[in-house]
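Asker: My structure file upload.txt, compact mmCIF, C-alpha atoms, is below:
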```txt
# COMPACT_ATOMS: atom_id res chain seq x y z
CA MET E 1 184.59 98.94 -145.85
CA LYS E 2 187.25 101.61 -146.22
CA LYS E 3 190.90 100.62 -146.07
CA LYS E 4 192.87 101.98 -143.13
CA ALA E 5 195.35 104.68 -144.06
CA LEU E 6 198.05 106.19 -141.88
CA VAL E 7 199.27 109.69 -142.78
CA LEU E 8 202.63 110.28 -141.10
CA SER E 9 203.16 113.98 -141.76
CA PRO E 10 202.20 116.38 -138.93
CA GLU E 11 199.98 119.37 -139.65
CA SER E 12 202.92 121.73 -140.21
CA ARG E 13 204.19 119.59 -143.10
CA LEU E 14 200.76 118.73 -144.44
CA LYS E 15 200.12 122.41 -145.18
CA GLU E 16 202.96 122.27 -147.68
CA VAL E 17 202.24 118.99 -149.50
CA CYS E 18 198.53 118.25 -148.96
CA SER E 19 195.79 120.44 -150.44
CA ASP E 20 192.26 120.65 -149.11
CA LYS E 21 191.20 118.59 -152.11
CA CYS E 22 193.70 115.92 -151.09
CA ARG E 23 192.36 115.80 -147.52
CA THR E 24 188.85 115.31 -148.88
CA LEU E 25 190.07 112.59 -151.24
CA LEU E 26 191.77 110.71 -148.44
CA ASN E 27 188.76 110.89 -146.14
CA GLU E 28 186.42 109.76 -148.94
CA HIS E 29 188.41 106.67 -149.83
CA PHE E 30 190.11 105.66 -146.60
CA ASP E 31 189.65 105.40 -142.87
CA VAL E 32 192.43 107.88 -142.10
CA SER E 33 194.57 108.22 -139.01
CA TRP E 34 196.14 111.68 -139.11
CA ASN E 35 199.29 112.65 -137.25
CA GLU E 36 198.02 115.03 -134.58
CA THR E 37 201.15 114.97 -132.40
CA GLY E 38 202.55 118.16 -133.92
CA LYS E 39 205.84 116.45 -134.76
CA ASP E 40 207.28 113.73 -136.93
CA TYR E 41 206.90 110.20 -135.59
CA THR E 42 210.00 108.37 -134.48
CA LYS E 43 210.78 104.93 -135.92
CA GLU E 44 209.73 103.40 -132.62
CA GLU E 45 206.39 105.24 -132.58
CA LEU E 46 205.72 104.20 -136.16
CA ALA E 47 206.48 100.56 -135.47
CA GLY E 48 203.90 100.60 -132.69
CA MET E 49 201.03 101.83 -134.84
CA ILE E 50 201.31 100.19 -138.27
CA SER E 51 199.99 96.72 -137.51
CA ASP E 52 196.56 97.43 -139.03
CA ALA E 53 197.58 100.03 -141.64
CA GLU E 54 196.80 99.06 -145.23
CA VAL E 55 198.11 102.29 -146.77
CA ILE E 56 200.84 104.55 -145.41
CA ILE E 57 201.32 108.10 -146.72
CA THR E 58 204.69 109.75 -146.08
CA SER E 59 206.60 112.88 -147.02
CA TRP E 60 209.75 114.74 -145.98
CA GLY E 61 210.58 114.10 -142.34
CA SER E 62 208.74 110.79 -142.15
CA PRO E 63 210.69 107.96 -140.51
CA SER E 64 211.98 105.18 -142.72
CA LEU E 65 210.31 101.78 -142.66
CA SER E 66 212.73 99.17 -141.40
CA GLU E 67 212.48 95.44 -142.01
CA GLU E 68 211.44 95.04 -138.36
CA ALA E 69 208.62 97.56 -138.76
CA LEU E 70 207.42 95.96 -141.97
CA GLU E 71 207.15 92.59 -140.25
CA LYS E 72 204.50 94.15 -138.03
CA ALA E 73 202.67 95.75 -140.96
CA VAL E 74 200.93 92.52 -141.93
CA ASN E 75 198.05 94.29 -143.70
CA LEU E 76 200.13 96.82 -145.61
CA ARG E 77 199.34 97.04 -149.32
CA ALA E 78 200.76 100.37 -150.43
CA ILE E 79 203.13 103.16 -149.41
CA GLY E 80 202.83 106.58 -151.02
CA HIS E 81 205.67 109.07 -150.64
CA ALA E 82 204.65 112.70 -151.22
CA ALA E 83 208.24 113.65 -151.99
CA GLY E 84 211.08 112.33 -154.17
CA THR E 85 213.25 109.26 -153.83
CA VAL E 86 212.03 106.36 -151.68
CA LYS E 87 215.41 104.67 -151.45
CA SER E 88 216.03 105.80 -147.88
CA LEU E 89 212.38 105.32 -146.96
CA VAL E 90 211.82 101.63 -147.72
CA PRO E 91 214.21 98.67 -148.03
CA LYS E 92 214.46 96.77 -151.29
CA GLN E 93 212.87 93.75 -149.60
CA ILE E 94 209.52 95.56 -149.54
CA PHE E 95 208.86 94.50 -153.12
CA SER E 96 209.11 90.80 -152.24
CA ARG E 97 206.39 91.38 -149.65
CA GLY E 98 203.95 92.46 -152.34
CA VAL E 99 203.69 96.02 -151.04
CA ARG E 100 203.26 98.56 -153.81
CA VAL E 101 205.37 101.72 -153.59
CA PHE E 102 204.48 105.13 -155.03
CA SER E 103 206.57 108.30 -155.26
CA ALA E 104 205.75 111.86 -156.32
CA ALA E 105 209.20 112.23 -157.91
CA PRO E 106 207.75 112.60 -161.44
CA ARG E 107 205.67 115.56 -160.26
CA ILE E 108 208.75 117.16 -158.72
CA ALA E 109 210.47 116.57 -162.06
CA LEU E 110 208.13 119.07 -163.70
CA SER E 111 209.28 121.77 -161.27
CA VAL E 112 212.92 120.88 -161.95
CA GLY E 113 212.31 120.99 -165.69
CA GLU E 114 210.89 124.50 -165.41
CA TYR E 115 213.87 125.58 -163.29
CA CYS E 116 216.29 124.27 -165.92
CA LEU E 117 214.48 126.10 -168.70
CA ALA E 118 214.44 129.34 -166.69
CA ALA E 119 218.12 129.00 -165.79
CA LEU E 120 219.04 128.21 -169.39
CA LEU E 121 217.19 131.17 -170.91
CA ALA E 122 218.57 133.54 -168.26
CA SER E 123 222.09 132.27 -168.89
CA LEU E 124 221.89 132.44 -172.68
CA ARG E 125 220.79 136.07 -172.50
CA HIS E 126 223.35 136.93 -169.78
CA LEU E 127 220.63 138.18 -167.43
CA PRO E 128 222.62 137.68 -164.18
CA THR E 129 225.63 139.49 -165.67
CA LEU E 130 223.57 142.36 -167.07
CA ASP E 131 221.67 142.74 -163.80
CA ALA E 132 224.91 142.98 -161.80
CA SER E 133 226.40 145.42 -164.30
CA LEU E 134 223.40 147.73 -164.22
CA ARG E 135 223.27 147.70 -160.42
CA ALA E 136 226.94 148.68 -160.41
CA GLY E 137 226.09 151.86 -162.33
CA GLN E 138 227.03 150.71 -165.81
CA TRP E 139 224.85 150.56 -168.90
CA ARG E 140 225.44 148.21 -171.82
CA GLU E 141 228.64 146.17 -172.00
CA LEU E 142 230.11 146.37 -175.48
CA GLY E 143 230.35 142.98 -177.13
CA LEU E 144 228.08 141.21 -174.63
CA LYS E 145 225.27 139.84 -176.72
CA GLY E 146 222.85 137.09 -175.78
CA ARG E 147 222.11 133.91 -177.72
CA GLU E 148 218.82 132.30 -178.65
CA LEU E 149 217.81 128.83 -177.57
CA THR E 150 215.82 128.12 -180.74
CA GLY E 151 217.64 125.70 -183.03
CA SER E 152 220.46 125.01 -180.55
CA THR E 153 221.99 121.66 -179.63
CA VAL E 154 221.40 120.56 -176.05
CA GLY E 155 223.33 117.76 -174.38
CA ILE E 156 221.63 115.95 -171.50
CA ILE E 157 223.24 113.56 -169.04
CA SER E 158 220.81 110.82 -167.91
CA ALA E 159 217.28 110.30 -169.21
CA SER E 160 215.80 110.60 -165.72
CA SER E 161 212.33 111.94 -164.95
CA THR E 162 213.70 115.48 -164.56
CA ALA E 163 215.49 115.20 -167.89
CA ARG E 164 212.31 114.04 -169.59
CA ALA E 165 210.38 116.96 -168.13
CA PHE E 166 213.06 119.35 -169.39
CA ILE E 167 213.10 117.74 -172.85
CA LYS E 168 209.34 118.19 -173.11
CA LEU E 169 209.66 121.89 -172.27
CA LEU E 170 212.44 122.30 -174.86
CA ALA E 171 210.26 120.98 -177.69
CA PRO E 172 208.83 124.37 -178.83
CA PHE E 173 212.38 125.67 -179.33
CA GLN E 174 213.12 123.11 -182.07
CA VAL E 175 216.39 122.06 -180.45
CA ASN E 176 218.56 119.09 -181.29
CA VAL E 177 218.85 117.00 -178.11
CA LEU E 178 221.68 114.54 -177.46
CA VAL E 179 221.29 112.25 -174.44
CA TYR E 180 223.86 110.15 -172.65
CA ASP E 181 222.29 107.31 -170.69
CA PRO E 182 223.57 103.73 -170.92
CA TYR E 183 220.07 102.44 -170.12
CA LEU E 184 218.28 104.45 -172.82
CA SER E 185 217.20 102.22 -175.72
CA GLU E 186 216.87 103.33 -179.33
CA GLU E 187 213.10 102.94 -179.03
CA ALA E 188 212.93 105.09 -175.91
CA ALA E 189 215.16 107.71 -177.50
CA ALA E 190 212.91 107.82 -180.54
CA SER E 191 209.83 108.28 -178.35
CA LEU E 192 211.56 111.24 -176.66
CA ASN E 193 212.66 112.62 -180.03
CA VAL E 194 216.29 112.65 -178.91
CA THR E 195 219.53 111.10 -180.15
CA ARG E 196 221.62 108.74 -178.03
CA ALA E 197 225.19 109.95 -177.66
CA SER E 198 228.40 109.26 -175.79
CA LEU E 199 229.29 111.21 -172.66
CA GLU E 200 232.10 112.89 -174.60
CA GLU E 201 229.65 114.03 -177.28
CA VAL E 202 227.24 115.45 -174.72
CA MET E 203 230.02 117.28 -172.87
CA SER E 204 231.04 118.91 -176.16
CA CYS E 205 227.60 120.50 -176.66
CA PRO E 206 227.09 124.28 -176.34
CA ILE E 207 224.38 123.61 -173.74
CA ILE E 208 224.78 120.84 -171.15
CA SER E 209 222.28 119.84 -168.48
CA VAL E 210 223.04 117.23 -165.80
CA HIS E 211 220.20 115.02 -164.52
CA ALA E 212 222.05 111.98 -163.17
CA PRO E 213 221.20 110.51 -159.74
CA LYS E 214 223.82 110.12 -157.03
CA LEU E 215 224.91 106.48 -157.21
CA PRO E 216 228.28 104.74 -156.77
CA ALA E 217 228.48 104.52 -160.56
CA THR E 218 227.84 108.25 -161.04
CA GLU E 219 230.04 109.68 -158.29
CA ARG E 220 232.43 112.14 -159.96
CA MET E 221 231.54 110.71 -163.35
CA LEU E 222 232.25 114.14 -164.84
CA THR E 223 236.01 113.99 -164.58
CA ARG E 224 238.56 116.69 -165.28
CA GLU E 225 239.07 115.31 -168.80
CA LEU E 226 235.35 115.46 -169.54
CA LEU E 227 234.95 118.92 -168.03
CA GLN E 228 237.73 120.19 -170.28
CA LEU E 229 235.51 119.29 -173.25
CA ILE E 230 232.96 122.00 -172.32
CA PRO E 231 233.15 124.48 -175.21
CA ASP E 232 234.00 128.13 -174.67
CA GLY E 233 230.80 130.15 -174.31
CA ALA E 234 228.77 127.10 -173.29
CA VAL E 235 226.05 126.96 -170.63
CA PHE E 236 226.37 124.17 -168.05
CA ILE E 237 223.43 123.38 -165.75
CA ASN E 238 223.42 121.01 -162.79
CA SER E 239 220.12 120.47 -161.00
CA SER E 240 220.73 116.85 -160.01
CA ARG E 241 223.44 116.12 -157.44
CA GLY E 242 226.73 117.87 -156.70
CA PRO E 243 228.89 114.74 -156.26
CA VAL E 244 228.23 113.73 -159.88
CA VAL E 245 230.85 116.35 -160.78
CA ASP E 246 234.51 116.43 -159.76
CA GLU E 247 234.05 119.73 -157.95
CA GLN E 248 237.69 120.80 -157.78
CA ALA E 249 238.23 120.10 -161.48
CA PHE E 250 234.98 121.92 -162.25
CA MET E 251 236.06 124.94 -160.22
CA ASP E 252 239.32 125.06 -162.13
CA GLU E 253 237.44 125.13 -165.44
CA LEU E 254 234.73 127.54 -164.27
CA SER E 255 237.26 129.95 -162.77
CA SER E 256 238.72 130.47 -166.23
CA GLY E 257 235.52 132.32 -167.14
CA ARG E 258 235.28 130.56 -170.49
CA PHE E 259 231.71 129.27 -169.95
CA PHE E 260 228.65 130.03 -167.80
CA ALA E 261 227.11 127.70 -165.23
CA ALA E 262 223.79 127.52 -163.40
CA LEU E 263 224.15 125.39 -160.27
CA ASP E 264 221.42 124.35 -157.86
CA VAL E 265 223.41 121.55 -156.18
CA PHE E 266 226.85 121.25 -154.63
CA GLU E 267 229.13 118.54 -153.30
CA LYS E 268 228.59 119.77 -149.73
CA GLU E 269 225.31 121.42 -148.75
CA PRO E 270 224.58 123.98 -147.47
CA LEU E 271 227.24 125.75 -149.49
CA VAL E 272 229.86 127.10 -147.09
CA ALA E 273 229.95 130.87 -146.63
CA ASP E 274 233.52 131.22 -147.92
CA SER E 275 233.07 129.01 -150.98
CA PRO E 276 234.99 130.60 -153.89
CA ILE E 277 232.07 129.81 -156.19
CA ARG E 278 230.06 132.61 -154.53
CA SER E 279 232.36 135.25 -156.00
CA LEU E 280 232.50 134.00 -159.60
CA PRO E 281 230.65 136.29 -162.02
CA ASN E 282 230.00 133.54 -164.59
CA VAL E 283 227.78 131.38 -162.41
CA LEU E 284 224.16 131.52 -161.27
CA ILE E 285 223.80 129.75 -157.92
CA THR E 286 220.64 128.70 -156.11
CA PRO E 287 220.24 126.74 -152.82
CA HIS E 288 218.92 123.34 -154.05
CA VAL E 289 215.45 124.67 -154.86
CA ALA E 290 214.93 123.45 -158.44
CA GLY E 291 212.18 121.07 -157.33
CA ALA E 292 210.50 123.54 -154.99
CA SER E 293 207.44 125.45 -156.18
CA VAL E 294 204.20 126.39 -154.45
CA GLN E 295 201.96 124.50 -156.86
CA GLY E 296 204.35 121.58 -157.18
CA HIS E 297 204.67 120.89 -153.47
CA LEU E 298 200.98 121.34 -152.78
CA SER E 299 200.09 118.73 -155.40
CA LEU E 300 202.51 116.02 -154.22
CA MET E 301 200.28 114.08 -151.84
CA GLU E 302 197.21 114.40 -154.03
CA GLU E 303 199.02 112.95 -157.03
CA VAL E 304 200.29 110.01 -154.98
CA VAL E 305 196.92 109.33 -153.34
CA LYS E 306 195.15 109.35 -156.70
CA ASP E 307 197.67 106.87 -158.05
CA ILE E 308 197.32 104.57 -155.06
CA ILE E 309 193.56 104.54 -155.61
CA ARG E 310 194.15 103.66 -159.27
CA GLY E 311 196.51 100.89 -158.24
CA LEU E 312 194.11 99.41 -155.70
CA ASN E 313 191.45 99.45 -158.43
CA GLU E 314 193.83 97.55 -160.73
CA GLU E 315 194.07 100.53 -163.09
CA LYS E 316 197.21 101.84 -164.80
CA THR E 317 199.44 103.83 -162.47
CA THR E 318 201.76 106.78 -163.10
CA TYR E 319 203.80 107.20 -159.93
CA GLU E 320 204.44 103.58 -158.96
CA VAL E 321 208.04 102.57 -158.25
CA SER E 322 209.29 99.17 -159.39
CA GLU E 323 212.18 97.28 -157.84
CA ARG E 324 214.33 98.15 -160.84
CA MET E 325 213.50 101.85 -160.46
CA TRP E 326 214.36 101.66 -156.75
CA GLU E 327 217.84 100.36 -157.61
CA VAL E 328 218.76 103.35 -159.80
CA MET E 329 217.13 106.04 -157.66
CA ALA E 330 219.32 108.71 -156.08
```
Would you give me this structure, written as C-alpha cells?
Answerer:
Amino acid sequence: MKKKALVLSPESRLKEVCSDKCRTLLNEHFDVSWNETGKDYTKEELAGMISDAEVIITSWGSPSLSEEALEKAVNLRAIGHAAGTVKSLVPKQIFSRGVRVFSAAPRIALSVGEYCLAALLASLRHLPTLDASLRAGQWRELGLKGRELTGSTVGIISASSTARAFIKLLAPFQVNVLVYDPYLSEEAAASLNVTRASLEEVMSCPIISVHAPKLPATERMLTRELLQLIPDGAVFINSSRGPVVDEQAFMDELSSGRFFAALDVFEKEPLVADSPIRSLPNVLITPHVAGASVQGHLSLMEEVVKDIIRGLNEEKTTYEVSERMWEVMA
C-alpha cells in the first residue's frame, strides 16, 4: 500500500520546482494529495489536513509546521523541503518525534557555487569595468589588466555546502584554498584538499568568498578591523548573507576603490533605490539570485523526493538534515 503524501505547493509554484519526471515519481511511489486551491495553504488549513499524511513535501511559500500541527500529524514519517533552510519550516522538536527531515539546500549550493565562480572570473578580468567603459565610448584603459585565477590563493569563510560546491569548481584552477570554519576538522579539510586557517589569514587573501550562514554568532563577524585586512586589488565575494558583514565598515573600505567586490546579498533586502553601493564602479551587484537557475530550481523537488524514497528504504541519504545541521542552518 502506498504511503500518503501531501504536496503543499500550488500549481504556480510546482512549475518552478517540480519537473514532469518528479510528478511521475511521486505518483508512482505515493498516494499523493496535490494542492489544487491555486494558493499557498495557511497554517490553519494545513493543520486540518495532515492527520493521515506520512510524507509532506514543501517549498517556498509553504506554511511552517508548528508544534500544534505536528501533534496532529501522528503518521508523519518524513518532510521534504524543495528549497533551502528548514529552520523556519520545522521546530527543533521534530527530531525527537522521529520524523526525518530533508532539504534541497545542497542542490541549491551547486547553483551558488557556479555563481561564485562566474563572479570571480568576471571580477578578475575586470569585465564589469571594461563593459561600462566601452559603453561610455572609450576603448582600452591603459594599465587595466586582468588577472588569472589559476594558481591563486582563495580564502573561504565557512565550509558550508555552498563553499564546498565552490571549492569543487575551483579544483581545475590549481588554487591554494584557505578555509576559516571553527567546526572544520583536519580530516574534513584534508578530504576537501584545503588548509584550515584563521579568519585573519582568510581576510588577507587576494580572493575572499563568504559562505557563512546568518546566526547570532556570525552577525557582523566581519568587523571593521577584519575588513581593513582585505589586500589592495583583492576580489571579495559575498553570496551568503548580508548581516555577516559590518555593512557601514564595508562601505567605507569599498568606497576607497582599493579592491573589487561581487555582492549578491545585503543587510537590508531589497536594496534601497538610493543605496550608495549602486553607484560604486568597483562592485558587481546582483539581487540575491546566486542560488537561482532554471535547471537548479526545476530539480529541487525531484532530488528531495528521491532521497526520501531512499530513506524510507533504509538506504544512504544525501539531503537529510540532522538535528545538529538544523542548529547551524541560516
Asker: So, with only C-alpha atoms as the atoms that count, which of E:Cys116, E:Thr24, E:Ser64, E:Ser158 lies closest to Thr286 (chain E)?
Answerer: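 Ranking E:Cys116, E:Thr24, E:Ser64, E:Ser158 by distance to Thr286 (chain E), first place goes to E:Cys116.
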Asker: Here is a test: counting only C-alpha atoms, which residue of E:Thr162, E:Ser322, E:Ser152, E:Ser191 is nearest to Val175 (chain E)?
Answerer: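 Of E:Thr162, E:Ser322, E:Ser152, E:Ser191, the one nearest Val175 (chain E), counting only C-alpha atoms, is E:Ser152.
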Asker: How far is it from CA of His297 (chain E) to CA of Leu14 (chain E), in Å with one decimal?
Answerer: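 About the pair CA of His297 (chain E) and CA of Leu14 (chain E): they are 10.1 Å apart.
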Asker: Give me, as a list in words, all polymer residues having an atom no more than 9 Å from Gln174 (chain E), counting only C-alpha atoms and skipping those fewer than 6 positions away in the same chain.
Answerer: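 The contact residues come out as Leu149, Thr150, Gly151 and Ser152 of chain E.
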Asker: When you draw a straight line from CA of Pro243 (chain E) to CA of Ile157 (chain E), how long is it in Å?
Answerer: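 So the two atoms, CA of Pro243 (chain E) and CA of Ile157 (chain E), lie 14.0 Å apart.
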